$ cat protein15.cif   # mmCIF, C-alpha atoms
data_structure
loop_
_atom_site.label_atom_id
_atom_site.label_comp_id
_atom_site.auth_asym_id
_atom_site.auth_seq_id
_atom_site.Cartn_x
_atom_site.Cartn_y
_atom_site.Cartn_z
CA MET A 12 108.35 110.31 96.46
CA ARG A 13 107.71 110.39 100.18
CA ILE A 14 104.21 111.20 101.39
CA ARG A 15 104.93 114.90 101.08
CA ARG A 16 103.97 114.14 97.46
CA PHE A 17 100.37 114.96 98.37
CA ALA A 18 100.83 117.45 101.19
CA LEU A 19 100.26 115.06 104.08
CA ALA A 20 102.14 117.29 106.50
CA VAL A 21 101.35 116.37 110.09
CA ALA A 22 103.72 118.83 111.67
CA GLY A 23 101.69 121.96 111.09
CA LEU A 24 98.27 120.48 111.82
CA SER A 25 96.43 120.53 115.12
CA LEU A 26 95.99 117.04 116.50
CA VAL A 27 94.18 116.34 119.75
CA THR A 28 96.85 114.58 121.77
CA GLY A 29 95.67 111.60 123.80
CA ALA A 30 92.09 111.84 122.46
CA VAL A 31 90.73 108.32 122.81
CA ALA A 32 91.88 105.71 124.65
CA ALA A 33 105.02 90.93 85.98
CA ASN A 34 103.82 87.49 84.82
CA GLN A 35 105.93 85.63 87.31
CA ALA A 36 106.20 85.74 91.03
CA THR A 37 109.46 84.87 92.72
CA ALA A 38 110.19 84.04 96.33
CA GLU A 39 112.69 86.82 96.91
CA VAL A 40 111.94 89.55 94.38
CA GLN A 41 114.54 92.29 94.65
CA GLY A 42 113.29 95.70 95.70
CA LYS A 43 114.48 98.89 97.30
CA PRO A 44 113.70 98.80 101.03
CA GLN A 45 110.96 101.08 102.32
CA PRO A 46 111.72 103.90 104.78
CA SER A 47 112.28 102.16 108.08
CA ARG A 48 110.27 102.64 111.24
CA GLN A 49 113.05 100.64 112.87
CA SER A 50 115.59 103.32 112.02
CA LEU A 51 113.46 105.90 113.81
CA ALA A 52 112.73 104.13 117.05
CA GLU A 53 115.40 101.43 117.08
CA GLY A 54 112.43 99.26 117.84
CA LEU A 55 113.74 95.83 116.82
CA ALA A 56 114.76 93.52 119.61
CA LYS A 57 118.56 93.44 119.53
CA PRO A 58 119.01 89.64 119.27
CA GLN A 59 116.80 89.56 116.16
CA ALA A 60 117.92 92.76 114.50
CA LYS A 61 119.86 90.99 111.75
CA ALA A 62 117.65 88.58 109.85
CA PRO A 63 119.48 86.04 107.65
CA ALA A 64 119.71 86.81 103.93
CA ALA A 65 117.50 89.86 104.35
CA ALA A 66 119.44 92.31 102.21
CA GLY A 67 117.83 91.43 98.87
CA ALA A 68 114.47 90.15 100.07
CA CYS A 69 111.28 92.15 99.85
CA GLN A 70 109.72 93.08 103.16
CA VAL A 71 106.84 94.90 104.74
CA GLU A 72 106.65 96.92 107.94
CA VAL A 73 103.51 96.03 109.85
CA GLY A 74 101.74 97.57 112.81
CA ALA A 75 99.96 95.11 115.10
CA VAL A 76 97.43 96.31 117.69
CA THR A 77 96.09 94.09 120.46
CA ALA A 78 92.59 94.19 121.90
CA ALA A 79 94.08 96.04 124.88
CA GLY A 80 95.42 98.77 122.60
CA GLN A 81 99.13 97.95 122.55
CA ASN A 82 100.84 98.52 119.20
CA ALA A 83 104.09 96.83 118.30
CA GLY A 84 104.32 95.03 114.99
CA TYR A 85 107.08 93.45 112.95
CA ARG A 86 109.23 93.76 109.87
CA ILE A 87 108.12 90.72 107.84
CA ILE A 88 110.94 89.65 105.54
CA ALA A 89 110.38 87.32 102.58
CA THR A 90 113.36 85.10 103.19
CA LYS A 91 113.16 81.32 103.44
CA PRO A 92 112.27 80.78 106.18
CA VAL A 93 110.18 83.93 106.58
CA THR A 94 111.28 86.08 109.51
CA ALA A 95 109.41 88.70 111.52
CA PRO A 96 111.68 90.67 113.88
CA PRO A 97 109.45 92.55 116.34
CA TYR A 98 109.24 96.25 117.07
CA LYS A 99 109.33 97.71 120.53
CA PRO A 100 105.70 97.95 121.77
CA TYR A 101 103.98 101.10 122.93
CA LYS A 102 100.53 102.02 124.19
CA LEU A 103 98.16 103.16 121.43
CA PHE A 104 94.45 102.48 122.05
CA GLY A 105 91.96 99.83 121.04
CA ILE A 106 90.98 99.98 117.36
CA ARG A 107 88.72 97.87 115.14
CA ALA A 108 90.36 98.56 111.76
CA SER A 109 93.08 100.72 110.23
CA SER A 110 94.20 102.13 106.90
CA THR A 111 97.84 102.28 105.84
CA TRP A 112 100.02 104.58 107.96
CA TYR A 113 102.16 106.90 105.86
CA ASP A 114 105.65 108.19 106.56
CA TRP A 115 106.26 111.92 106.96
CA GLN A 116 109.44 113.80 107.78
CA GLY A 117 108.54 116.80 109.90
CA SER A 118 110.64 119.79 110.85
CA GLY A 119 114.02 119.22 112.44
CA THR A 120 114.45 115.65 113.63
CA THR A 121 110.75 114.93 114.18
CA HIS A 122 109.32 112.07 112.14
CA TYR A 123 105.72 110.87 111.84
CA TYR A 124 103.58 107.99 110.72
CA ALA A 125 99.87 108.75 110.29
CA GLY A 126 96.73 106.88 109.24
CA PHE A 127 92.99 106.47 109.82
CA VAL A 128 91.50 104.08 112.37
CA LEU A 129 88.10 102.96 113.60
CA VAL A 130 87.44 103.23 117.32
CA SER A 131 84.02 101.92 118.24
CA GLY A 132 81.63 103.90 116.01
CA SER A 133 84.01 106.75 115.12
CA LEU A 134 86.69 107.46 112.54
CA TYR A 135 89.95 108.97 113.82
CA ALA A 136 93.06 110.40 112.20
CA THR A 137 95.96 109.10 114.27
CA ALA A 138 99.71 109.70 114.30
CA GLU A 139 102.79 108.46 116.10
CA SER A 140 105.66 110.95 116.24
CA TYR A 141 109.34 110.44 116.99
CA LYS A 142 110.95 113.63 118.25
CA THR A 143 114.57 112.51 117.95
CA PRO A 144 116.38 109.60 116.28
CA GLN A 145 116.86 108.14 119.77
CA THR A 146 113.15 108.12 120.65
CA THR A 147 112.03 104.59 121.53
CA VAL A 148 108.39 105.29 122.42
CA PRO A 149 106.47 107.66 120.12
CA VAL A 150 104.02 110.35 121.13
CA VAL A 151 100.51 109.36 120.03
CA SER A 152 98.02 111.95 118.77
CA SER A 153 94.51 111.54 117.40
CA LYS A 154 91.60 113.55 116.07
CA ARG A 155 88.02 112.34 115.72
CA LEU A 156 86.67 112.98 112.24
CA GLY A 157 83.13 111.75 112.64
CA THR A 158 80.67 109.24 114.05
CA GLY A 159 78.42 106.74 112.28
CA TRP A 160 81.20 104.29 111.43
CA GLY A 161 80.01 101.44 113.64
CA SER A 162 78.99 99.19 110.74
CA PHE A 163 82.30 99.50 108.87
CA THR A 164 84.55 96.47 109.16
CA SER A 165 87.62 97.19 107.02
CA LEU A 166 89.53 100.23 105.73
CA ALA A 167 91.95 100.70 102.83
CA SER A 168 93.63 103.86 101.59
CA SER A 169 95.23 104.96 98.33
CA THR A 170 97.51 107.86 97.45
CA TYR A 171 98.67 108.79 93.98
CA TYR A 172 100.78 111.74 92.94
CA ASN A 173 102.50 112.61 89.66
CA GLU A 174 105.54 114.75 90.49
CA SER A 175 105.73 116.09 86.93
CA THR A 176 102.15 117.34 86.65
CA GLY A 177 101.14 117.77 90.28
CA ALA A 178 98.01 115.67 89.68
CA GLY A 179 96.96 113.19 92.31
CA HIS A 180 94.31 111.80 94.59
CA MET A 181 93.89 110.48 98.11
CA PHE A 182 91.04 108.12 98.94
CA LEU A 183 89.85 106.14 101.92
CA TYR A 184 87.76 103.04 101.17
CA GLY A 185 85.43 101.51 103.74
CA LEU A 186 83.72 98.10 103.66
CA ASN A 187 80.33 98.10 105.37
CA THR A 188 78.29 95.20 106.75
CA ASN A 189 75.35 96.38 104.62
CA GLY A 190 77.24 95.11 101.55
CA THR A 191 78.31 98.56 100.33
CA LEU A 192 81.81 99.75 99.48
CA TYR A 193 82.24 103.45 100.24
CA ARG A 194 84.88 105.85 98.95
CA TYR A 195 85.92 109.08 100.67
CA SER A 196 88.15 111.88 99.48
CA ILE A 197 90.89 112.72 102.01
CA ASN A 198 91.99 116.30 102.56
CA GLY A 199 95.26 115.98 104.46
CA THR A 200 96.44 113.56 107.11
CA THR A 201 93.96 114.76 109.70
CA GLY A 202 91.07 115.06 107.26
CA PRO A 203 88.41 115.99 106.84
CA VAL A 204 87.08 113.18 104.66
CA SER A 205 84.19 113.70 102.29
CA ALA A 206 81.93 111.22 100.50
CA ALA A 207 83.15 110.28 97.00
CA GLY A 208 80.76 107.52 96.00
CA SER A 209 79.46 104.11 97.01
CA ALA A 210 78.74 100.79 95.32
CA LEU A 211 76.57 97.82 96.26
CA GLY A 212 77.49 94.17 95.87
CA TYR A 213 80.15 93.56 98.53
CA LYS A 214 78.15 91.62 101.12
CA SER A 215 80.35 88.53 100.68
CA PHE A 216 83.60 90.37 101.52
CA LYS A 217 85.18 90.54 104.96
CA SER A 218 88.37 92.55 104.34
CA ILE A 219 90.02 94.80 101.75
CA THR A 220 93.52 96.09 101.04
CA THR A 221 94.99 98.25 98.26
CA ILE A 222 97.27 96.69 95.61
CA ALA A 223 97.36 99.43 92.92
CA GLU A 224 97.05 103.23 92.87
CA THR A 225 97.35 105.02 89.52
CA ALA A 226 96.26 108.25 87.84
CA THR A 227 93.03 106.69 86.55
CA TYR A 228 92.15 103.84 88.91
CA ASP A 229 92.72 102.17 92.24
CA THR A 230 92.64 98.42 92.73
CA LEU A 231 91.70 96.71 95.97
CA LEU A 232 92.19 93.06 96.86
CA GLY A 233 89.32 91.65 98.90
CA ILE A 234 88.86 88.41 100.85
CA THR A 235 85.41 86.85 100.85
CA LYS A 236 83.87 85.04 103.78
CA THR A 237 84.33 81.74 101.90
CA GLY A 238 88.07 82.25 101.37
CA ALA A 239 88.26 83.61 97.82
CA ILE A 240 90.31 86.66 96.84
CA TYR A 241 89.18 89.13 94.19
CA THR A 242 90.67 92.24 92.64
CA ILE A 243 88.29 95.22 92.71
CA HIS A 244 89.18 97.67 89.92
CA LEU A 245 87.83 101.14 90.71
CA PRO A 246 88.14 104.02 88.18
CA ILE A 247 88.60 107.35 89.92
CA THR A 248 86.94 109.58 87.32
CA GLN A 249 83.56 107.85 87.26
CA GLN A 250 80.78 107.05 89.64
CA LEU A 251 82.14 104.40 91.97
CA LYS A 252 81.70 101.08 90.20
CA GLY A 253 84.04 98.15 90.70
CA THR A 254 85.04 95.46 88.23
CA LEU A 255 85.66 92.23 90.13
CA LYS A 256 87.99 89.44 89.00
CA ALA A 257 88.60 86.25 90.95
CA VAL A 258 92.29 85.63 91.65
CA ARG A 259 91.70 82.50 93.75
CA THR A 260 88.32 80.97 94.63
CA THR A 261 89.51 79.10 97.74
CA GLY A 262 92.40 78.90 100.15
CA PHE A 263 92.33 82.25 101.95
CA GLY A 264 89.50 81.71 104.44
CA ALA A 265 91.78 81.51 107.49
CA TYR A 266 92.98 85.08 107.05
CA HIS A 267 91.33 87.93 108.85
CA GLN A 268 93.27 90.48 106.87
CA LEU A 269 95.66 90.89 103.94
CA ILE A 270 98.43 93.47 103.51
CA ALA A 271 99.98 94.15 100.11
CA GLN A 272 103.35 95.83 99.59
CA ARG A 273 105.11 96.62 96.33
CA CYS A 274 107.94 94.23 95.51
CA GLY A 275 110.21 95.34 92.67
CA ASN A 276 109.30 97.52 89.70
CA ASN A 277 107.40 95.10 87.43
CA GLY A 278 104.10 94.91 89.26
CA GLY A 279 105.12 92.29 91.80
CA THR A 280 103.38 92.32 95.17
CA LEU A 281 104.44 90.91 98.52
CA LEU A 282 101.13 89.67 99.93
CA THR A 283 100.82 88.77 103.61
CA GLY A 284 97.82 87.05 105.16
CA PHE A 285 97.23 87.31 108.92
CA ASN A 286 95.55 84.57 110.92
CA ASN A 287 94.65 86.18 114.23
CA ALA A 288 93.39 82.93 115.74
CA ASN A 289 96.83 81.32 115.82
CA ASN A 290 99.02 84.44 115.51
CA THR A 291 100.67 83.52 112.22
CA ALA A 292 101.41 85.31 108.97
CA THR A 293 101.76 83.63 105.59
CA VAL A 294 103.68 85.41 102.85
CA TYR A 295 103.07 85.12 99.10
CA ALA A 296 104.82 86.46 96.01
CA MET A 297 102.10 87.68 93.66
CA SER A 298 102.54 88.72 90.04
CA ARG A 299 100.73 91.64 88.46
CA ALA A 300 97.04 90.83 88.90
CA LYS A 301 95.34 89.27 85.87
CA GLY A 302 92.39 87.47 87.39
CA ALA A 303 92.74 83.68 87.56
CA ALA A 304 95.99 83.91 85.54
CA THR A 305 97.68 85.74 88.43
CA VAL A 306 100.65 83.82 89.81
CA VAL A 307 100.51 83.45 93.59
CA ASN A 308 103.48 81.56 95.06
CA THR A 309 103.70 80.69 98.74
CA ILE A 310 106.96 81.79 100.37
CA GLY A 311 106.24 80.55 103.88
CA SER A 312 104.62 81.19 107.25
CA VAL A 313 105.94 82.64 110.47
CA ALA A 314 104.72 82.70 114.07
CA LEU A 315 104.07 86.24 115.29
CA PRO A 316 105.02 87.47 118.76
CA GLN A 317 102.15 89.94 119.08
CA ASP A 318 98.63 88.72 119.91
CA ALA A 319 97.08 91.30 117.58
CA THR A 320 93.52 91.82 116.39
CA VAL A 321 94.32 94.51 113.78
CA HIS A 322 97.26 94.78 111.38
CA PHE A 323 98.20 97.66 109.09
CA MET A 324 101.11 98.66 106.85
CA TYR A 325 103.70 101.37 107.45
CA THR A 326 104.97 102.77 104.16
CA GLY A 327 106.64 105.78 102.58
CA ASP A 328 108.00 106.05 99.08
CA TYR A 329 106.42 103.68 96.62
CA GLN A 330 103.00 103.71 95.05
CA LEU A 331 101.46 100.28 94.59
CA ILE A 332 101.35 98.91 91.02
CA GLY A 333 99.92 95.40 91.58
CA GLU A 334 97.42 95.56 88.70
#

$ encode --input "protein15.cif" --output "structure tokens"
Amino acid sequence: MRIRRFALAVAGLSLVTGAVAANQATAEVQGKPQPSRQSLAEGLAKPQAKAPAAAGACQVEVGAVTAAGQNAGYRIIATKPVTAPPYKPYKLFGIRASSTWYDWQGSGTTHYYAGFVLVSGSLYATAESYKTPQTTVPVVSSKRLGTGWGSFTSLASSTYYNESTGAGHMFLYGLNTNGTLYRYSINGTTGPVSAAGSALGYKSFKSITTIAETATYDTLLGITKTGAIYTIHLPITQQLKGTLKAVRTTGFGAYHQLIAQRCGNNGGTLLTGFNNANNTATVYAMSRAKGAATVVNTIGSVALPQDATVHFMYTGDYQLIGE
């Protein structure tokens, strides 16, 4: 169920190249590996390419962009200890926030990852493309979709597609400093995006990520400025109105951002918190979200080689089912 599931073809679209500079949680839940950015660019440093005991451990592929605009990232693997083999860096451009970047197989040997980013006060659709399996540095393309995004601080995206019925949705969520959560309908990888509702009451939140995407609802996980984490349940067929449930009321204040990846088939989530101040990531095994009854087990922390200000997830096949 690669991202072709909702017609996110980058290959045939015109990008402006170079436009802007379960009820238990276990430590090593088994899960099918995601499509690998490493296998495209051979981007892992050779001495660290084989992480110990990695075969059965859940993992997440993460982009990491510095203030100077360099993107590298890591494959964070939920072994004990946690490991984070780095990708080969390349020049992107400075961004303030990013959605998930989705995997797309283009024509021939060309392969893409594409997502939405904030650059100053504008929203951009951005892609990295690998022309051959031997490509080590991707070609970067971007397209500005609109201005007026200067007060947005965090982005999250959801994609859902039912292969049997053809039904699905693609949304971009934006957290604004005015305390409003906005939802936008996405029409293809390069947009455009169109308004699909807004809801007040999110002034206390500093970051959001997606943990579930289904036919009838999306669920975000948000960090508050005081270090709590809440699920935000958002039906897709109604006016945007979230139901909030506290998962933890303290303990997450050090993280600037969370990334959630599916881990197994029973609703497990591999949750990673990023502390940009000391360049560390802490990994948790999280059960299917049930408010305060949610199990959140710490797997461990790892020092990160990239001095990044923004992190985002690379993904391909699996839809998130964390609630």

$ resolve_selection --input "protein15.cif" --expression "the PyMOL selection byres ((chain A and resi 181) around 6)" --output "list in words"
Ser169, Thr170, His180, Phe182 and Ile197 of chain A

$ write_last_selection --input "protein15.cif" --atoms "C-alpha atoms" --output "PDB file, keeping the file's coordinate frame"
ATOM      1  CA  SER A 169      95.230 104.960  98.330  1.00  0.00           C
ATOM      2  CA  THR A 170      97.510 107.860  97.450  1.00  0.00           C
ATOM      3  CA  HIS A 180      94.310 111.800  94.590  1.00  0.00           C
ATOM      4  CA  PHE A 182      91.040 108.120  98.940  1.00  0.00           C
ATOM      5  CA  ILE A 197      90.890 112.720 102.010  1.00  0.00           C
TER       6      ILE A 197
END

$ resolve_selection --input "protein15.cif" --expression "the PyMOL selection byres ((chain A and resi 258) around 8)" --output "JSON, numbers by chain"
{"A": [239, 240, 241, 242, 256, 257, 259, 260, 300, 301, 302, 303, 304, 305]}

$ resolve_selection --input "protein15.cif" --expression "the PyMOL selection byres ((chain A and resi 104-120) around 7)" --output "NGL selection string"
:A and (14-15 or 20 or 22 or 31-32 or 78-81 or 102-103 or 121-131 or 142-144 or 164-168 or 321 or 323-327)

$ write_last_selection --input "protein15.cif" --atoms "C-alpha atoms" --output "PDB file, in the coordinates of the input"
ATOM      1  CA  ILE A  14     104.210 111.200 101.390  1.00  0.00           C
ATOM      2  CA  ARG A  15     104.930 114.900 101.080  1.00  0.00           C
ATOM      3  CA  ALA A  20     102.140 117.290 106.500  1.00  0.00           C
ATOM      4  CA  ALA A  22     103.720 118.830 111.670  1.00  0.00           C
ATOM      5  CA  VAL A  31      90.730 108.320 122.810  1.00  0.00           C
ATOM      6  CA  ALA A  32      91.880 105.710 124.650  1.00  0.00           C
ATOM      7  CA  ALA A  78      92.590  94.190 121.900  1.00  0.00           C
ATOM      8  CA  ALA A  79      94.080  96.040 124.880  1.00  0.00           C
ATOM      9  CA  GLY A  80      95.420  98.770 122.600  1.00  0.00           C
ATOM     10  CA  GLN A  81      99.130  97.950 122.550  1.00  0.00           C
ATOM     11  CA  LYS A 102     100.530 102.020 124.190  1.00  0.00           C
ATOM     12  CA  LEU A 103      98.160 103.160 121.430  1.00  0.00           C
ATOM     13  CA  THR A 121     110.750 114.930 114.180  1.00  0.00           C
ATOM     14  CA  HIS A 122     109.320 112.070 112.140  1.00  0.00           C
ATOM     15  CA  TYR A 123     105.720 110.870 111.840  1.00  0.00           C
ATOM     16  CA  TYR A 124     103.580 107.990 110.720  1.00  0.00           C
ATOM     17  CA  ALA A 125      99.870 108.750 110.290  1.00  0.00           C
ATOM     18  CA  GLY A 126      96.730 106.880 109.240  1.00  0.00           C
ATOM     19  CA  PHE A 127      92.990 106.470 109.820  1.00  0.00           C
ATOM     20  CA  VAL A 128      91.500 104.080 112.370  1.00  0.00           C
ATOM     21  CA  LEU A 129      88.100 102.960 113.600  1.00  0.00           C
ATOM     22  CA  VAL A 130      87.440 103.230 117.320  1.00  0.00           C
ATOM     23  CA  SER A 131      84.020 101.920 118.240  1.00  0.00           C
ATOM     24  CA  LYS A 142     110.950 113.630 118.250  1.00  0.00           C
ATOM     25  CA  THR A 143     114.570 112.510 117.950  1.00  0.00           C
ATOM     26  CA  PRO A 144     116.380 109.600 116.280  1.00  0.00           C
ATOM     27  CA  THR A 164      84.550  96.470 109.160  1.00  0.00           C
ATOM     28  CA  SER A 165      87.620  97.190 107.020  1.00  0.00           C
ATOM     29  CA  LEU A 166      89.530 100.230 105.730  1.00  0.00           C
ATOM     30  CA  ALA A 167      91.950 100.700 102.830  1.00  0.00           C
ATOM     31  CA  SER A 168      93.630 103.860 101.590  1.00  0.00           C
ATOM     32  CA  VAL A 321      94.320  94.510 113.780  1.00  0.00           C
ATOM     33  CA  PHE A 323      98.200  97.660 109.090  1.00  0.00           C
ATOM     34  CA  MET A 324     101.110  98.660 106.850  1.00  0.00           C
ATOM     35  CA  TYR A 325     103.700 101.370 107.450  1.00  0.00           C
ATOM     36  CA  THR A 326     104.970 102.770 104.160  1.00  0.00           C
ATOM     37  CA  GLY A 327     106.640 105.780 102.580  1.00  0.00           C
TER      38      GLY A 327
END

$ atom_distance --input "protein15.cif" --atom1 "atom CA of A:Asn289" --atom2 "atom CA of A:Val148"
27.4 Å

$ closest_residue --input "protein15.cif" --among "A:Lys91, A:Lys154, A:Lys217, A:His322" --to "A:Val73" --atoms "only C-alpha atoms"
A:His322

$ atom_distance --input "protein15.cif" --atom1 "atom CA of A:Ala319" --atom2 "atom CA of A:Phe163"
19.0 Å

$ atom_distance --input "protein15.cif" --atom1 "atom CA of A:Thr237" --atom2 "atom CA of A:Ala223"
23.7 Å

$ residues_near_point --input "protein15.cif" --point "(104.1, 84.1, 102.4)" --cutoff "9 Å" --atoms "all atoms listed in the file" --output "list in words"
Ala38, Ala89, Val93, Leu281, Leu282, Thr283, Gly284, Ala292, Thr293, Val294, Tyr295, Ala296, Asn308, Thr309, Ile310, Gly311, Ser312 and Val313 of chain A

$ residues_near_point --input "protein15.cif" --point "(87.3, 110.1, 89.2)" --cutoff "10 Å" --atoms "all atoms listed in the file" --output "ChimeraX atom specification"
/A:180,207-208,226-228,245-251

$ write_last_selection --input "protein15.cif" --atoms "C-alpha atoms" --output "mmCIF file, keeping the file's coordinate frame"
data_model
loop_
_atom_site.group_PDB
_atom_site.id
_atom_site.type_symbol
_atom_site.label_atom_id
_atom_site.label_comp_id
_atom_site.auth_asym_id
_atom_site.auth_seq_id
_atom_site.Cartn_x
_atom_site.Cartn_y
_atom_site.Cartn_z
ATOM 1 C CA HIS A 180 94.310 111.800 94.590
ATOM 2 C CA ALA A 207 83.150 110.280 97.000
ATOM 3 C CA GLY A 208 80.760 107.520 96.000
ATOM 4 C CA ALA A 226 96.260 108.250 87.840
ATOM 5 C CA THR A 227 93.030 106.690 86.550
ATOM 6 C CA TYR A 228 92.150 103.840 88.910
ATOM 7 C CA LEU A 245 87.830 101.140 90.710
ATOM 8 C CA PRO A 246 88.140 104.020 88.180
ATOM 9 C CA ILE A 247 88.600 107.350 89.920
ATOM 10 C CA THR A 248 86.940 109.580 87.320
ATOM 11 C CA GLN A 249 83.560 107.850 87.260
ATOM 12 C CA GLN A 250 80.780 107.050 89.640
ATOM 13 C CA LEU A 251 82.140 104.400 91.970
#

$ closest_residue --input "protein15.cif" --among "A:Ile88, A:Val76, A:Ala83, A:Leu134" --to "A:Tyr101" --atoms "only C-alpha atoms"
A:Ala83

$ decode --input "protein15.cif" --residues "stretch 107-128 of chain A" --atoms "N, CA and C atoms" --output "PDB file, in the first residue's frame"
ATOM      1  N   ARG A 107      11.314  25.563   9.023  1.00  0.00           N
ATOM      2  CA  ARG A 107      10.867  25.735  10.405  1.00  0.00           C
ATOM      3  C   ARG A 107      10.072  24.533  10.914  1.00  0.00           C
ATOM      4  N   ALA A 108       9.446  23.800  10.030  1.00  0.00           N
ATOM      5  CA  ALA A 108       8.625  22.651  10.402  1.00  0.00           C
ATOM      6  C   ALA A 108       8.407  21.810   9.160  1.00  0.00           C
ATOM      7  N   SER A 109       8.011  20.541   9.374  1.00  0.00           N
ATOM      8  CA  SER A 109       7.801  19.641   8.243  1.00  0.00           C
ATOM      9  C   SER A 109       6.735  18.615   8.586  1.00  0.00           C
ATOM     10  N   SER A 110       5.989  18.211   7.568  1.00  0.00           N
ATOM     11  CA  SER A 110       5.089  17.066   7.679  1.00  0.00           C
ATOM     12  C   SER A 110       5.896  15.797   7.437  1.00  0.00           C
ATOM     13  N   THR A 111       5.223  14.659   7.460  1.00  0.00           N
ATOM     14  CA  THR A 111       5.827  13.401   7.027  1.00  0.00           C
ATOM     15  C   THR A 111       6.181  13.473   5.545  1.00  0.00           C
ATOM     16  N   TRP A 112       7.293  12.831   5.165  1.00  0.00           N
ATOM     17  CA  TRP A 112       7.668  12.710   3.757  1.00  0.00           C
ATOM     18  C   TRP A 112       7.337  11.294   3.306  1.00  0.00           C
ATOM     19  N   TYR A 113       6.558  11.203   2.210  1.00  0.00           N
ATOM     20  CA  TYR A 113       6.069   9.915   1.745  1.00  0.00           C
ATOM     21  C   TYR A 113       6.880   9.392   0.571  1.00  0.00           C
ATOM     22  N   ASP A 114       6.961   8.075   0.533  1.00  0.00           N
ATOM     23  CA  ASP A 114       7.733   7.330  -0.454  1.00  0.00           C
ATOM     24  C   ASP A 114       6.944   7.164  -1.747  1.00  0.00           C
ATOM     25  N   TRP A 115       7.594   7.389  -2.878  1.00  0.00           N
ATOM     26  CA  TRP A 115       6.931   7.186  -4.172  1.00  0.00           C
ATOM     27  C   TRP A 115       7.910   6.627  -5.182  1.00  0.00           C
ATOM     28  N   GLN A 116       7.530   5.530  -5.818  1.00  0.00           N
ATOM     29  CA  GLN A 116       8.335   4.958  -6.886  1.00  0.00           C
ATOM     30  C   GLN A 116       7.919   5.581  -8.195  1.00  0.00           C
ATOM     31  N   GLY A 117       8.810   6.317  -8.833  1.00  0.00           N
ATOM     32  CA  GLY A 117       8.519   6.954 -10.099  1.00  0.00           C
ATOM     33  C   GLY A 117       8.765   6.008 -11.263  1.00  0.00           C
ATOM     34  N   SER A 118       8.871   6.577 -12.440  1.00  0.00           N
ATOM     35  CA  SER A 118       9.112   5.769 -13.629  1.00  0.00           C
ATOM     36  C   SER A 118      10.567   5.317 -13.670  1.00  0.00           C
ATOM     37  N   GLY A 119      10.789   4.158 -14.249  1.00  0.00           N
ATOM     38  CA  GLY A 119      12.140   3.640 -14.361  1.00  0.00           C
ATOM     39  C   GLY A 119      12.740   3.386 -12.987  1.00  0.00           C
ATOM     40  N   THR A 120      13.950   3.894 -12.785  1.00  0.00           N
ATOM     41  CA  THR A 120      14.639   3.693 -11.508  1.00  0.00           C
ATOM     42  C   THR A 120      14.509   4.896 -10.576  1.00  0.00           C
ATOM     43  N   THR A 121      13.796   5.925 -10.989  1.00  0.00           N
ATOM     44  CA  THR A 121      13.672   7.127 -10.161  1.00  0.00           C
ATOM     45  C   THR A 121      12.763   6.876  -8.969  1.00  0.00           C
ATOM     46  N   HIS A 122      13.195   7.362  -7.807  1.00  0.00           N
ATOM     47  CA  HIS A 122      12.456   7.186  -6.566  1.00  0.00           C
ATOM     48  C   HIS A 122      12.388   8.524  -5.853  1.00  0.00           C
ATOM     49  N   TYR A 123      11.249   8.781  -5.177  1.00  0.00           N
ATOM     50  CA  TYR A 123      11.033  10.070  -4.541  1.00  0.00           C
ATOM     51  C   TYR A 123      10.616   9.922  -3.082  1.00  0.00           C
ATOM     52  N   TYR A 124      10.909  10.948  -2.313  1.00  0.00           N
ATOM     53  CA  TYR A 124      10.230  11.211  -1.047  1.00  0.00           C
ATOM     54  C   TYR A 124       9.728  12.645  -1.120  1.00  0.00           C
ATOM     55  N   ALA A 125       8.494  12.883  -0.658  1.00  0.00           N
ATOM     56  CA  ALA A 125       7.919  14.219  -0.774  1.00  0.00           C
ATOM     57  C   ALA A 125       7.097  14.550   0.458  1.00  0.00           C
ATOM     58  N   GLY A 126       7.116  15.840   0.856  1.00  0.00           N
ATOM     59  CA  GLY A 126       6.347  16.304   1.998  1.00  0.00           C
ATOM     60  C   GLY A 126       6.141  17.796   1.931  1.00  0.00           C
ATOM     61  N   PHE A 127       5.564  18.362   2.981  1.00  0.00           N
ATOM     62  CA  PHE A 127       5.275  19.792   3.067  1.00  0.00           C
ATOM     63  C   PHE A 127       6.121  20.414   4.166  1.00  0.00           C
ATOM     64  N   VAL A 128       6.689  21.580   3.888  1.00  0.00           N
ATOM     65  CA  VAL A 128       7.558  22.248   4.850  1.00  0.00           C
ATOM     66  C   VAL A 128       7.198  23.725   4.962  1.00  0.00           C
TER      67      VAL A 128
END
